[in-house]
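**Student:** Structure file input.csv (CSV, C-alpha atoms) right here:
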chain,number,residue,atom,x,y,z
A,287,MET,CA,80.3,91.0,126.2
A,288,ASN,CA,80.3,91.7,122.4
A,289,GLN,CA,79.8,89.1,119.7
A,290,VAL,CA,83.5,88.7,119.0
A,291,GLU,CA,84.2,88.0,122.7
A,292,THR,CA,81.2,85.7,122.8
A,293,ASP,CA,82.5,83.7,119.8
A,294,ARG,CA,85.9,83.4,121.4
A,295,GLU,CA,84.5,82.1,124.7
A,296,ASP,CA,82.5,79.5,122.7
A,297,ARG,CA,85.7,78.3,121.0
A,298,ILE,CA,87.5,78.1,124.4
A,299,ARG,CA,84.6,76.1,125.8
A,300,ARG,CA,84.8,73.7,122.9
A,301,ALA,CA,88.5,73.3,123.8
A,302,LEU,CA,87.5,72.7,127.4
A,303,HIS,CA,85.1,70.0,126.2
A,304,HIS,CA,87.9,68.3,124.2
A,305,LEU,CA,90.1,68.4,127.3
A,306,ARG,CA,87.4,66.6,129.3
A,307,GLU,CA,86.8,64.0,126.6
A,308,GLY,CA,90.4,63.5,125.5
A,309,THR,CA,89.6,64.6,122.0
A,310,THR,CA,90.5,67.4,119.6
A,311,ASP,CA,89.3,68.9,116.3
A,312,GLN,CA,90.3,66.8,113.4
A,313,TRP,CA,91.0,66.9,109.6
A,314,ASP,CA,88.9,64.8,107.3
A,315,ASP,CA,91.5,62.2,106.8
A,316,VAL,CA,95.2,61.4,107.2
A,317,ALA,CA,97.4,62.6,104.3
A,318,GLY,CA,100.8,61.6,102.9
A,319,PHE,CA,103.8,63.6,101.9
A,320,GLU,CA,107.4,62.9,100.8
A,321,ALA,CA,110.8,63.8,101.9
A,322,ARG,CA,111.7,65.4,98.6
A,323,GLU,CA,109.3,68.2,99.4
A,324,PHE,CA,112.0,69.4,101.9
A,325,THR,CA,115.1,68.5,100.0
A,326,ASP,CA,114.6,68.9,96.2
A,327,PRO,CA,116.2,72.1,94.8
A,328,GLU,CA,113.6,72.3,92.0
A,329,VAL,CA,110.7,72.2,94.6
A,330,ALA,CA,112.5,75.0,96.5
A,331,ARG,CA,112.9,77.1,93.4
A,332,ARG,CA,109.3,76.8,92.6
A,333,GLU,CA,108.3,77.8,96.1
A,334,ARG,CA,110.6,80.9,96.0
A,335,GLU,CA,109.1,82.1,92.7
A,336,ARG,CA,105.5,81.0,92.9
A,337,ILE,CA,104.9,81.7,96.6
A,338,PHE,CA,107.2,84.5,97.8
A,339,GLY,CA,107.4,86.1,94.4
A,340,ARG,CA,103.6,86.3,94.0
A,341,VAL,CA,101.8,86.7,97.4
A,342,PRO,CA,102.3,89.1,100.4
A,343,SER,CA,104.1,88.0,103.5
A,344,ILE,CA,105.0,89.8,106.7
A,345,VAL,CA,108.5,91.1,106.8
A,346,ALA,CA,108.5,93.4,109.9
A,347,HIS,CA,106.3,95.2,112.5
A,348,SER,CA,105.6,98.8,111.8
A,349,SER,CA,107.3,99.9,115.0
A,350,GLU,CA,110.7,98.7,113.6
A,351,VAL,CA,110.7,101.7,111.3
A,352,PRO,CA,108.9,104.2,113.5
A,353,LYS,CA,109.9,107.5,112.1
A,354,PRO,CA,110.6,109.0,108.6
A,355,ASN,CA,114.2,108.3,107.5
A,356,ASP,CA,114.3,105.0,109.5
A,357,PHE,CA,115.2,101.9,107.5
A,358,ILE,CA,115.8,98.1,107.9
A,359,THR,CA,117.4,95.6,105.5
A,360,LEU,CA,116.7,91.9,105.1
A,361,ARG,CA,117.2,89.0,102.7
A,362,MET,CA,114.1,87.7,101.0
A,363,PRO,CA,114.2,84.4,99.0
A,364,LEU,CA,114.6,86.3,95.7
A,365,ASN,CA,115.9,89.8,96.7
A,366,ASN,CA,118.1,91.7,99.1
A,367,VAL,CA,115.6,94.3,100.4
A,368,LEU,CA,115.7,97.8,101.8
A,369,ILE,CA,112.6,99.1,103.6
A,370,VAL,CA,112.4,102.8,104.5
A,371,ARG,CA,109.9,105.0,106.2
A,372,GLN,CA,109.2,108.0,103.8
A,373,LYS,CA,108.8,111.6,104.8
A,374,ASP,CA,105.0,111.4,104.5
A,375,GLY,CA,104.9,108.5,106.9
A,376,SER,CA,104.4,105.7,104.3
A,377,VAL,CA,106.7,102.8,103.9
A,378,ARG,CA,108.4,101.7,100.7
A,379,GLY,CA,110.6,98.7,99.8
A,380,PHE,CA,113.4,98.5,97.3
A,381,VAL,CA,115.9,96.1,96.0
A,382,ASN,CA,119.1,96.8,98.1
A,383,LEU,CA,121.4,97.2,95.1
A,384,CYS,CA,123.1,100.2,93.5
A,385,ARG,CA,122.0,100.6,89.9
A,386,HIS,CA,125.6,101.5,88.8
A,387,ARG,CA,127.6,98.3,89.3
A,388,GLY,CA,125.4,96.2,91.6
A,389,ALA,CA,127.0,96.8,94.9
A,390,LEU,CA,124.9,96.3,98.1
A,391,LEU,CA,123.7,99.8,98.8
A,392,GLU,CA,123.1,99.6,102.5
A,393,GLU,CA,124.9,97.0,104.7
A,394,GLN,CA,123.5,97.9,108.1
A,395,GLU,CA,120.6,95.9,109.4
A,396,SER,CA,118.8,99.0,110.5
A,397,GLY,CA,119.5,102.7,110.9
A,398,ARG,CA,118.4,106.2,110.0
A,399,CYS,CA,119.6,108.4,107.1
A,400,ARG,CA,118.8,111.3,104.8
A,401,LEU,CA,119.9,109.5,101.7
A,402,PHE,CA,121.5,106.2,100.6
A,403,SER,CA,125.0,106.4,99.3
A,404,CYS,CA,126.9,103.5,97.7
A,405,GLY,CA,130.3,102.7,99.2
A,406,TYR,CA,131.7,101.7,95.9
A,407,HIS,CA,131.5,104.9,93.8
A,408,ARG,CA,129.3,107.1,96.0
A,409,TRP,CA,126.2,107.2,93.8
A,410,SER,CA,123.4,108.3,96.0
A,411,TYR,CA,119.7,107.9,96.2
A,412,ASP,CA,116.8,109.7,97.9
A,413,LEU,CA,114.6,107.9,100.3
A,414,ASP,CA,111.9,107.5,97.6
A,415,GLY,CA,114.5,105.5,95.5
A,416,SER,CA,115.2,108.2,92.9
A,417,LEU,CA,118.8,108.6,91.7
A,418,ARG,CA,120.1,111.7,93.4
A,419,ALA,CA,123.7,112.0,92.3
A,420,ILE,CA,126.3,110.4,90.0
A,421,THR,CA,129.8,111.2,91.2
A,422,ARG,CA,132.0,113.0,88.6
A,423,ASP,CA,129.0,113.0,86.3
A,424,ASN,CA,130.8,115.3,83.8
A,425,THR,CA,133.0,112.3,82.9
A,426,PHE,CA,130.5,109.5,83.2
A,427,GLY,CA,128.4,110.1,80.2
A,428,GLU,CA,124.7,110.8,79.5
A,429,VAL,CA,122.3,108.7,81.7
A,430,ASP,CA,118.5,109.0,82.0
A,431,ARG,CA,118.4,109.2,85.8
A,432,SER,CA,114.7,108.4,85.9
A,433,LYS,CA,115.5,104.9,84.6
A,434,TYR,CA,118.2,104.1,87.2
A,435,GLY,CA,116.5,104.7,90.5
A,436,LEU,CA,116.2,101.9,93.0
A,437,VAL,CA,114.0,99.0,91.9
A,438,GLU,CA,110.8,99.1,93.9
A,439,LEU,CA,109.2,96.0,95.4
A,440,PRO,CA,105.4,95.9,96.2
A,441,THR,CA,105.1,96.9,99.9
A,442,GLU,CA,102.1,97.7,102.0
A,443,GLU,CA,101.5,98.5,105.7
A,444,ARG,CA,98.4,97.0,107.2
A,445,HIS,CA,97.4,95.9,110.8
A,446,GLY,CA,100.7,97.1,112.2
A,447,PHE,CA,102.8,94.9,109.9
A,448,ILE,CA,104.9,95.6,106.8
A,449,TRP,CA,104.0,93.2,104.0
A,450,MET,CA,106.0,92.6,100.8
A,451,VAL,CA,105.8,90.6,97.6
A,452,ASP,CA,109.3,89.5,96.7
A,453,SER,CA,109.2,90.5,93.0
A,454,ALA,CA,109.2,93.9,91.3
A,455,ASP,CA,106.8,92.6,88.6
A,456,ALA,CA,104.0,91.7,91.2
A,457,LYS,CA,101.2,93.7,92.7
A,458,ILE,CA,100.2,93.8,96.4
A,459,ASP,CA,96.7,93.8,98.0
A,460,VAL,CA,97.0,92.6,101.6
A,461,ALA,CA,93.3,92.8,102.4
A,462,ALA,CA,92.5,90.6,99.3
A,463,TRP,CA,95.2,88.1,100.3
A,464,LEU,CA,94.0,87.9,103.9
A,465,GLY,CA,90.3,87.5,103.0
A,466,PRO,CA,87.5,89.0,105.1
A,467,GLU,CA,87.8,86.7,108.1
A,468,MET,CA,91.6,87.0,108.8
A,469,ASP,CA,91.6,90.7,107.8
A,470,ALA,CA,88.9,91.4,110.4
A,471,ILE,CA,90.6,89.3,113.0
A,472,LEU,CA,93.9,91.2,112.7
A,473,ALA,CA,92.1,94.5,112.6
A,474,GLY,CA,90.6,93.7,116.0
A,475,TYR,CA,93.9,93.2,117.7
A,476,ASP,CA,95.1,96.8,117.6
A,477,LEU,CA,98.5,95.5,116.5
A,478,ASP,CA,99.5,98.9,115.1
A,479,GLY,CA,99.2,100.3,118.6
A,480,LEU,CA,101.7,97.7,120.0
A,481,GLN,CA,105.5,97.7,120.0
A,482,CYS,CA,108.1,95.2,118.7
A,483,VAL,CA,110.3,95.2,121.8
A,484,ARG,CA,112.6,92.4,120.6
A,485,ALA,CA,113.4,90.9,117.2
A,486,GLU,CA,116.0,88.4,116.1
A,487,GLY,CA,116.6,86.2,113.1
A,488,PHE,CA,118.3,82.8,112.8
A,489,ASP,CA,119.7,81.0,109.8
A,490,GLU,CA,119.2,77.3,110.3
A,491,PRO,CA,120.1,74.1,108.2
A,492,VAL,CA,116.4,73.3,108.0
A,493,ASN,CA,113.8,73.6,105.2
A,494,TRP,CA,111.4,76.5,105.9
A,495,LYS,CA,108.4,74.1,105.7
A,496,ILE,CA,109.8,71.9,108.5
A,497,MET,CA,110.2,75.0,110.6
A,498,GLN,CA,106.7,76.3,109.9
A,499,ASP,CA,105.2,72.9,110.6
A,500,ALA,CA,106.7,72.7,114.0
A,501,PHE,CA,105.1,76.0,115.1
A,502,LEU,CA,101.6,74.9,114.0
A,503,ASP,CA,101.8,71.6,115.9
A,504,GLY,CA,100.1,71.0,119.2
A,505,TYR,CA,100.9,67.3,119.1
A,506,HIS,CA,104.6,67.4,120.1
A,507,ILE,CA,104.5,69.6,123.1
A,508,GLN,CA,104.5,66.9,125.8
A,509,TYR,CA,107.3,65.0,124.1
A,510,ALA,CA,109.6,67.8,122.7
A,511,HIS,CA,109.1,70.3,125.6
A,512,PRO,CA,108.4,68.3,128.8
A,513,ASN,CA,110.2,70.8,131.0
A,514,SER,CA,109.1,74.0,129.4
A,515,ALA,CA,106.0,74.5,127.3
A,516,ALA,CA,104.4,71.2,128.4
A,517,LYS,CA,104.2,72.6,131.9
A,518,HIS,CA,101.9,75.4,130.7
A,519,ILE,CA,100.0,74.2,127.6
A,520,HIS,CA,98.0,71.0,127.0
A,521,THR,CA,99.1,68.6,124.3
A,522,ASN,CA,97.0,67.6,121.3
A,523,VAL,CA,93.9,69.7,122.2
A,524,MET,CA,92.7,72.5,119.9
A,525,THR,CA,89.7,74.0,118.3
A,526,PHE,CA,90.3,75.0,114.7
A,527,GLU,CA,89.0,77.4,112.1
A,528,ASP,CA,89.8,77.1,108.4
A,529,PHE,CA,89.8,80.4,106.6
A,530,GLY,CA,91.2,79.0,103.3
A,531,ARG,CA,94.7,80.5,103.0
A,532,HIS,CA,94.9,81.0,106.8
A,533,CYS,CA,93.6,79.5,110.0
A,534,ARG,CA,93.2,80.1,113.7
A,535,PHE,CA,93.2,77.6,116.6
A,536,VAL,CA,92.8,77.7,120.4
A,537,ALA,CA,95.0,75.6,122.7
A,538,PRO,CA,94.1,75.5,126.4
A,539,ARG,CA,96.7,76.4,129.0
A,540,LYS,CA,96.9,74.3,132.2
A,541,THR,CA,95.5,77.2,134.2
A,542,ILE,CA,92.2,76.1,132.7
A,543,ASP,CA,92.3,72.8,134.6
A,544,LYS,CA,90.2,74.0,137.5
A,545,TRP,CA,87.2,74.3,135.2
A,546,ILE,CA,87.5,70.6,134.0
A,547,GLU,CA,85.3,69.5,136.8
A,548,GLU,CA,83.4,72.7,137.3
A,549,ASP,CA,81.1,74.7,135.0
A,550,PRO,CA,82.7,78.1,134.4
A,551,GLY,CA,79.3,79.7,133.7
A,552,GLU,CA,79.7,83.2,132.4
A,553,THR,CA,83.3,83.5,133.6
A,554,SER,CA,85.7,84.5,130.8
A,555,LEU,CA,88.3,81.9,130.1
A,556,ALA,CA,90.4,84.1,127.7
A,557,ALA,CA,93.3,84.2,130.1
A,558,HIS,CA,93.6,80.4,130.0
A,559,VAL,CA,94.4,79.8,126.3
A,560,THR,CA,97.0,80.6,123.6
A,561,GLU,CA,95.4,81.5,120.3
A,562,THR,CA,97.5,80.6,117.3
A,563,HIS,CA,97.1,82.1,113.8
A,564,PHE,CA,98.6,80.8,110.6
A,565,VAL,CA,98.9,83.8,108.4
A,566,GLY,CA,99.8,82.4,105.0
A,567,PRO,CA,102.1,81.8,103.4
A,568,ASN,CA,104.7,81.6,106.2
A,569,CYS,CA,103.8,83.2,109.6
A,570,THR,CA,102.7,82.0,113.0
A,571,LEU,CA,101.1,84.7,115.1
A,572,LEU,CA,100.6,83.7,118.7
A,573,ARG,CA,98.2,85.7,120.8
A,574,GLN,CA,99.1,85.3,124.5
A,575,PRO,CA,97.0,86.8,127.3
A,576,ASP,CA,99.1,89.9,127.5
A,577,HIS,CA,101.2,90.1,124.3
A,578,PHE,CA,101.9,88.6,120.8
A,579,GLN,CA,104.7,86.6,119.3
A,580,LEU,CA,105.3,86.6,115.6
A,581,LEU,CA,107.3,83.8,114.0
A,582,THR,CA,108.2,84.0,110.2
A,583,PHE,CA,109.9,81.4,108.1
A,584,ARG,CA,111.5,82.1,104.7
A,585,PRO,CA,113.4,79.8,102.4
A,586,ASP,CA,117.1,80.3,101.7
A,587,PRO,CA,117.8,82.0,98.4
A,588,SER,CA,119.5,78.8,97.0
A,589,ARG,CA,119.6,75.9,99.4
A,590,PRO,CA,116.5,73.8,100.0
A,591,ASP,CA,117.9,72.6,103.4
A,592,TRP,CA,118.4,76.0,104.9
A,593,SER,CA,115.9,78.7,106.0
A,594,ARG,CA,115.7,81.9,108.0
A,595,MET,CA,113.4,82.1,111.0
A,596,GLU,CA,112.6,85.5,112.6
A,597,MET,CA,111.0,85.9,116.0
A,598,ARG,CA,109.4,89.0,117.3
A,599,LEU,CA,107.9,89.9,120.7
A,600,ILE,CA,105.1,92.4,120.2
A,601,VAL,CA,103.8,94.1,123.4
A,602,PRO,CA,101.8,97.1,124.8
A,603,PRO,CA,104.1,100.1,124.9
A,604,VAL,CA,105.3,101.1,128.4
A,605,GLU,CA,102.9,104.1,128.6
A,606,ARG,CA,99.9,101.7,128.2
A,607,SER,CA,101.2,98.9,130.4
A,608,GLY,CA,100.7,100.4,133.8
A,609,MET,CA,104.3,99.5,134.7
A,610,ASP,CA,107.3,101.7,135.3
A,611,PRO,CA,109.9,101.5,132.5
A,612,GLU,CA,112.4,99.4,134.5
A,613,ARG,CA,109.8,96.8,135.4
A,614,TRP,CA,108.4,96.8,131.9
A,615,GLN,CA,111.9,96.2,130.4
A,616,LYS,CA,112.7,93.4,132.9
A,617,LEU,CA,109.4,91.6,132.2
A,618,TRP,CA,110.0,91.5,128.4
A,619,ASP,CA,113.7,90.8,128.7
A,620,LYS,CA,112.9,87.8,130.9
A,621,ASN,CA,110.1,86.6,128.5
A,622,TRP,CA,112.5,86.9,125.5
A,623,GLU,CA,115.2,84.9,127.2
A,624,ILE,CA,112.8,82.1,128.0
A,625,LEU,CA,111.7,82.0,124.3
A,626,LEU,CA,115.3,81.9,123.1
A,627,ALA,CA,116.2,79.1,125.5
A,628,VAL,CA,113.3,76.9,124.3
A,629,LEU,CA,114.1,77.7,120.7
A,630,HIS,CA,117.8,76.9,120.9
A,631,ARG,CA,117.8,74.0,123.4
A,632,GLU,CA,114.7,72.2,122.2
A,633,ASP,CA,113.2,73.2,118.9
A,634,PHE,CA,116.2,73.8,116.7
A,635,PRO,CA,118.1,70.5,117.6
A,636,LEU,CA,114.9,68.5,116.8
A,637,LEU,CA,114.3,70.3,113.5
A,638,ARG,CA,118.0,70.1,112.4
A,639,ALA,CA,117.7,66.3,113.0
A,640,SER,CA,114.5,66.2,111.0
A,641,GLN,CA,116.2,67.7,108.0
A,642,VAL,CA,119.1,65.2,108.3
A,643,GLY,CA,116.5,62.4,108.3
A,644,MET,CA,114.7,63.8,105.3
A,645,ALA,CA,117.9,63.5,103.3
A,646,SER,CA,117.7,59.7,103.4
A,647,ALA,CA,117.4,58.3,99.9
A,648,SER,CA,115.0,55.6,100.9
A,649,ALA,CA,112.9,57.7,103.4
A,650,GLY,CA,109.6,56.3,102.2
A,651,PRO,CA,106.2,58.1,102.4
A,652,MET,CA,105.3,59.9,105.6
A,653,VAL,CA,101.9,60.9,107.0
A,654,LEU,CA,100.1,63.7,108.8
A,655,GLY,CA,97.5,62.6,111.3
A,656,ARG,CA,93.9,63.9,111.5
A,657,ASN,CA,94.8,65.6,114.7
A,658,GLU,CA,97.4,67.8,113.0
A,659,VAL,CA,94.8,70.1,111.5
A,660,ALA,CA,96.8,73.3,111.0
A,661,ASN,CA,99.6,71.3,109.4
A,662,HIS,CA,97.2,69.9,106.9
A,663,LEU,CA,96.0,73.4,106.0
A,664,PHE,CA,99.6,74.6,105.6
A,665,HIS,CA,100.5,71.7,103.3
A,666,ARG,CA,97.3,72.2,101.3
A,667,GLU,CA,97.8,75.9,100.8
A,668,THR,CA,101.5,75.6,100.0
A,669,ARG,CA,100.8,73.0,97.3
A,670,ARG,CA,97.9,75.1,95.9
A,671,LEU,CA,100.0,78.2,95.5
A,672,VAL,CA,102.7,76.3,93.7
A,673,GLU,CA,100.3,74.4,91.4
A,674,GLU,CA,98.0,77.3,90.6
A,675,SER,CA,100.9,79.5,89.5
A,676,SER,CA,102.4,76.8,87.2
If you took the structure in this file and wrote it as structure tokens, what would it be?
**Tutor:**
Amino acid sequence: MNQVETDREDRIRRALHHLREGTTDQWDDVAGFEAREFTDPEVARRERERIFGRVPSIVAHSSEVPKPNDFITLRMPLNNVLIVRQKDGSVRGFVNLCRHRGALLEEQESGRCRLFSCGYHRWSYDLDGSLRAITRDNTFGEVDRSKYGLVELPTEERHGFIWMVDSADAKIDVAAWLGPEMDAILAGYDLDGLQCVRAEGFDEPVNWKIMQDAFLDGYHIQYAHPNSAAKHIHTNVMTFEDFGRHCRFVAPRKTIDKWIEEDPGETSLAAHVTETHFVGPNCTLLRQPDHFQLLTFRPDPSRPDWSRMEMRLIVPPVERSGMDPERWQKLWDKNWEILLAVLHREDFPLLRASQVGMASASAGPMVLGRNEVANHLFHRETRRLVEESS
């Protein structure tokens, strides 16, 4: 067993100790917050500009644009975005807008093409964003084409993910943003060798921070998910690591229960936990025993009480799974349907109701408990990003 595996087993054994004692890792103190943080348009504007317009966030898995000429489109808080795999294998991101009259250049969510052509007047662009053709240019007038290519957004591919800063004026350095601990953790997971087998996005009438909070919270499982997640994962038990902008925590699954009364000795307990990573500013990456789930949360471009959640199922490709293609597909289709059912039947209704509650004029102050450690870190880092950029 190498040092990384040894450290993980130590963290799992700490979680097992908490389970025996009815305890959990804790923050230094309780902390207050206010409803306006989730309803105020000015707060929302500052977050869009000072968080998403200045730091990298994950927008896709690399396998979603596997080959040169493949592209995807998405809506970021500040820009409509076009991401395309270049001929040399790199990935670049652009504002999805024709530089002639501002029409949306590409309307499909994903596809493959040799060039991008605007449906309004048929101006066309190469995959590197350069302006390729102006239709009827003999009548249009003189234009310096080098100044009217697609506007590029800072984009980087690292650890099997595509990252972007949502502003053309920004720079991107994913390794610096992650810091040495989280960069090393993601590097160790071989995420670039995995495949995003399913991905879907949901626009919900819920502030993005309410959404993100819910998927860092091990305190609600027994109460919000009694017939689903609570059958498999223990409530309010975690071991937590604070990496500044990011964090990681272990939550024991109920298959670990046989070791509550028995010393596991040198037996690996890795199959008996879910390992959750908050990758700031807006991602939850869950490491399950045989796959990963990535959840991302982005604010709506204008409404503080709306956001977009995207969920991705990231798994070993069929050739590495030891399964035949049909069995492999059935396994992940079933897994996906279970995830969707919990999301739509349990999570979303609760979170929509939370947003309604936050709209009360006399909501009063609210409080995070010491046991909600990852939520404390998320609130701390969100406020820090907004305040340090002011």
**Student:** With only C-alpha atoms as the basis for distance, which of A:Ala645, A:Ile344, A:Ala556, A:Cys533 is at the shortest distance from Asp293 in chain A?
**Tutor:**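 Looking at the shortest contact to Asp293 in chain A, the residue is A:Ala556.
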**Student:** I need the residue nearest Val642 in chain A from this list: A:Asp591, A:Ile600, A:Gly551, A:Asp478. Use all atoms listed in the file for the distance.
**Tutor:**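 Among A:Asp591, A:Ile600, A:Gly551, A:Asp478, it is A:Asp591 that comes nearest to Val642 in chain A.
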**Student:** If you take all atoms listed in the file and a cut-off of 12 Å, which residues of range 554-597 of chain A touch range 483-499 of chain A, and what are their nearest atom pairs and distances in Å to one decimal, in chain and number order, as a tab-separated table?
**Tutor:**
residue	atom	partner	partner_atom	distance
A:His563	CA	A:Gln498	CA	11.9
A:Phe564	CA	A:Gln498	CA	9.3
A:Val565	CA	A:Gln498	CA	10.9
A:Gly566	CA	A:Gln498	CA	10.4
A:Pro567	CA	A:Gln498	CA	9.7
A:Asn568	CA	A:Gln498	CA	6.8
A:Cys569	CA	A:Gln498	CA	7.5
A:Thr570	CA	A:Gln498	CA	7.6
A:Leu571	CA	A:Gln498	CA	11.4
A:His577	CA	A:Val483	CA	10.7
A:Phe578	CA	A:Val483	CA	10.7
A:Gln579	CA	A:Arg484	CA	9.9
A:Leu580	CA	A:Ala485	CA	9.3
A:Leu581	CA	A:Gln498	CA	8.6
A:Thr582	CA	A:Gln498	CA	7.9
A:Phe583	CA	A:Trp494	CA	5.6
A:Arg584	CA	A:Trp494	CA	5.7
A:Pro585	CA	A:Trp494	CA	5.2
A:Asp586	CA	A:Trp494	CA	8.0
A:Pro587	CA	A:Trp494	CA	11.3
A:Ser588	CA	A:Asn493	CA	11.3
A:Arg589	CA	A:Asn493	CA	8.5
A:Pro590	CA	A:Asn493	CA	5.9
A:Asp591	CA	A:Asn493	CA	4.6
A:Trp592	CA	A:Pro491	CA	4.2
A:Ser593	CA	A:Trp494	CA	5.0
A:Arg594	CA	A:Asp489	CA	4.5
A:Met595	CA	A:Phe488	CA	5.3
A:Glu596	CA	A:Gly487	CA	4.1
A:Met597	CA	A:Glu486	CA	5.6
**Student:** Give as a PyMOL selection string each residue that has an atom at most 7 Å from (93.0, 64.6, 106.4) in the file, counting only C-alpha atoms.
**Tutor:** chain A and resi 313-317+655-656+662
**Student:** For a test of reading the model, state the distance in Å between CA of Phe380 in chain A and CA of Val437 in chain A, rounded to one decimal.
**Tutor:** 5.5 Å
**Student:** List the spatial neighbours of Ala649 in chain A as a list of chain:residue names - criterion: any atom at most 12 Å away, only C-alpha atoms, same-chain residues fewer than 5 positions off excluded.
**Tutor:** A:Phe319, A:Glu320, A:Ala321, A:Arg322, A:Glu323, A:Phe324, A:Thr325, A:Ser640, A:Gln641, A:Val642, A:Gly643, A:Met644
**Student:** Lys373 in chain A: which residues within 8 Å, counting all atoms listed in the file, same-chain residues fewer than 2 positions away excluded, as a PyMOL selection string?
**Tutor:** chain A and resi 354-355+371+375-376
**Student:** Could those residues be written to a file, using C-alpha atoms, as a PDB file, keeping the file's coordinate frame?
**Tutor:**
ATOM      1  CA  PRO A 354     110.600 109.000 108.600  1.00  0.00           C
ATOM      2  CA  ASN A 355     114.200 108.300 107.500  1.00  0.00           C
ATOM      3  CA  ARG A 371     109.900 105.000 106.200  1.00  0.00           C
ATOM      4  CA  GLY A 375     104.900 108.500 106.900  1.00  0.00           C
ATOM      5  CA  SER A 376     104.400 105.700 104.300  1.00  0.00           C
TER       6      SER A 376
END
**Student:** List as a list in words the residues having at least one atom at most 8 Å from position (109.2, 83.5, 90.9) as given in the file, counting all atoms listed in the file.
**Tutor:**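 The answer, in the requested form, is Arg331, Arg332, Glu333, Arg334, Glu335, Arg336, Ile337, Phe338, Gly339, Arg340, Leu364 and Ser453 of chain A.
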**Student:** Take the residues just selected and output them with C-alpha atoms as an mmCIF file, in the frame of the given file.
**Tutor:**
data_model
loop_
_atom_site.group_PDB
_atom_site.id
_atom_site.type_symbol
_atom_site.label_atom_id
_atom_site.label_comp_id
_atom_site.auth_asym_id
_atom_site.auth_seq_id
_atom_site.Cartn_x
_atom_site.Cartn_y
_atom_site.Cartn_z
ATOM 1 C CA ARG A 331 112.900 77.100 93.400
ATOM 2 C CA ARG A 332 109.300 76.800 92.600
ATOM 3 C CA GLU A 333 108.300 77.800 96.100
ATOM 4 C CA ARG A 334 110.600 80.900 96.000
ATOM 5 C CA GLU A 335 109.100 82.100 92.700
ATOM 6 C CA ARG A 336 105.500 81.000 92.900
ATOM 7 C CA ILE A 337 104.900 81.700 96.600
ATOM 8 C CA PHE A 338 107.200 84.500 97.800
ATOM 9 C CA GLY A 339 107.400 86.100 94.400
ATOM 10 C CA ARG A 340 103.600 86.300 94.000
ATOM 11 C CA LEU A 364 114.600 86.300 95.700
ATOM 12 C CA SER A 453 109.200 90.500 93.000
#
**Student:** Would you list the contacts of Ile448 in chain A as a PyMOL selection string, taking every protein, DNA or RNA residue within 9 Å and counting only C-alpha atoms, but skipping same-chain residues closer than 3 positions in sequence?
**Tutor:** chain A and resi 343-348+377+441-445
**Student:** Just to be explicit: take each residue in the selection above, keep C-alpha atoms, and write the result as a tab-separated table (two decimals), keeping the file's coordinate frame.
**Tutor:**
chain	number	residue	atom	x	y	z
A	343	SER	CA	104.10	88.00	103.50
A	344	ILE	CA	105.00	89.80	106.70
A	345	VAL	CA	108.50	91.10	106.80
A	346	ALA	CA	108.50	93.40	109.90
A	347	HIS	CA	106.30	95.20	112.50
A	348	SER	CA	105.60	98.80	111.80
A	377	VAL	CA	106.70	102.80	103.90
A	441	THR	CA	105.10	96.90	99.90
A	442	GLU	CA	102.10	97.70	102.00
A	443	GLU	CA	101.50	98.50	105.70
A	444	ARG	CA	98.40	97.00	107.20
A	445	HIS	CA	97.40	95.90	110.80
**Student:** I'd like the contact shell of Phe535 in chain A - 9 Å cut-off, all atoms listed in the file, skipping same-chain residues fewer than 3 positions apart - returned as a PyMOL selection string.
**Tutor:** chain A and resi 297+524-528+560-564+660
**Student:** Using all atoms listed in the file, find the one residue out of A:His532, A:Asn382, A:Ala537, A:Asp619 that sits nearest to Glu667 in chain A.
**Tutor:** A:His532
**Student:** Between CA of Arg299 in chain A and CA of Tyr509 in chain A, measure the distance and give it in Å to one decimal.
**Tutor:** 25.3 Å
**Student:** Would you compute the distance between CA of Asp412 in chain A and CA of Arg400 in chain A? Give it in Å to one decimal.
**Tutor:**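 Those two atoms sit 7.4 Å apart.
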**Student:** Do a neighbour search on Arg422 in chain A at 10 Å with all atoms listed in the file, toss out local chain neighbours closer than 6 positions, and write the hits as a PDB file with C-alpha atoms, in the coordinates of the input.
**Tutor:**
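Output (selection_11.pdb):
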ATOM      1  CA  HIS A 407     131.500 104.900  93.800  1.00  0.00           C
ATOM      2  CA  ARG A 408     129.300 107.100  96.000  1.00  0.00           C
ATOM      3  CA  TRP A 409     126.200 107.200  93.800  1.00  0.00           C
TER       4      TRP A 409
END
**Student:** Against range 301-310 of chain A, which residues of range 502-570 of chain A fall within 10 Å? For each one I want the closest pair of atoms and the distance in Å (one decimal), counting all atoms listed in the file, rows by chain and increasing residue number, as a Markdown table.
**Tutor:**
| residue | atom | partner | partner_atom | distance |
| --- | --- | --- | --- | --- |
| A:His520 | CA | A:Leu305 | CA | 8.3 |
| A:Thr521 | CA | A:Leu305 | CA | 9.5 |
| A:Asn522 | CA | A:Thr310 | CA | 6.7 |
| A:Val523 | CA | A:Thr310 | CA | 4.9 |
| A:Met524 | CA | A:Thr310 | CA | 5.6 |
| A:Thr525 | CA | A:Ala301 | CA | 5.7 |
| A:Phe526 | CA | A:Thr310 | CA | 9.0 |
| A:Phe535 | CA | A:Ala301 | CA | 9.6 |
| A:Val536 | CA | A:Ala301 | CA | 7.0 |
| A:Ala537 | CA | A:Ala301 | CA | 7.0 |
| A:Pro538 | CA | A:Ala301 | CA | 6.6 |
| A:Ile542 | CA | A:Leu302 | CA | 7.9 |
| A:Asp543 | CA | A:Leu302 | CA | 8.7 |
| A:Trp545 | CA | A:Leu302 | CA | 8.0 |
| A:Ile546 | CA | A:Arg306 | CA | 6.2 |
| A:Glu547 | CA | A:Arg306 | CA | 8.3 |
| A:Leu555 | CA | A:Leu302 | CA | 9.6 |
| A:Val559 | CA | A:Ala301 | CA | 9.1 |
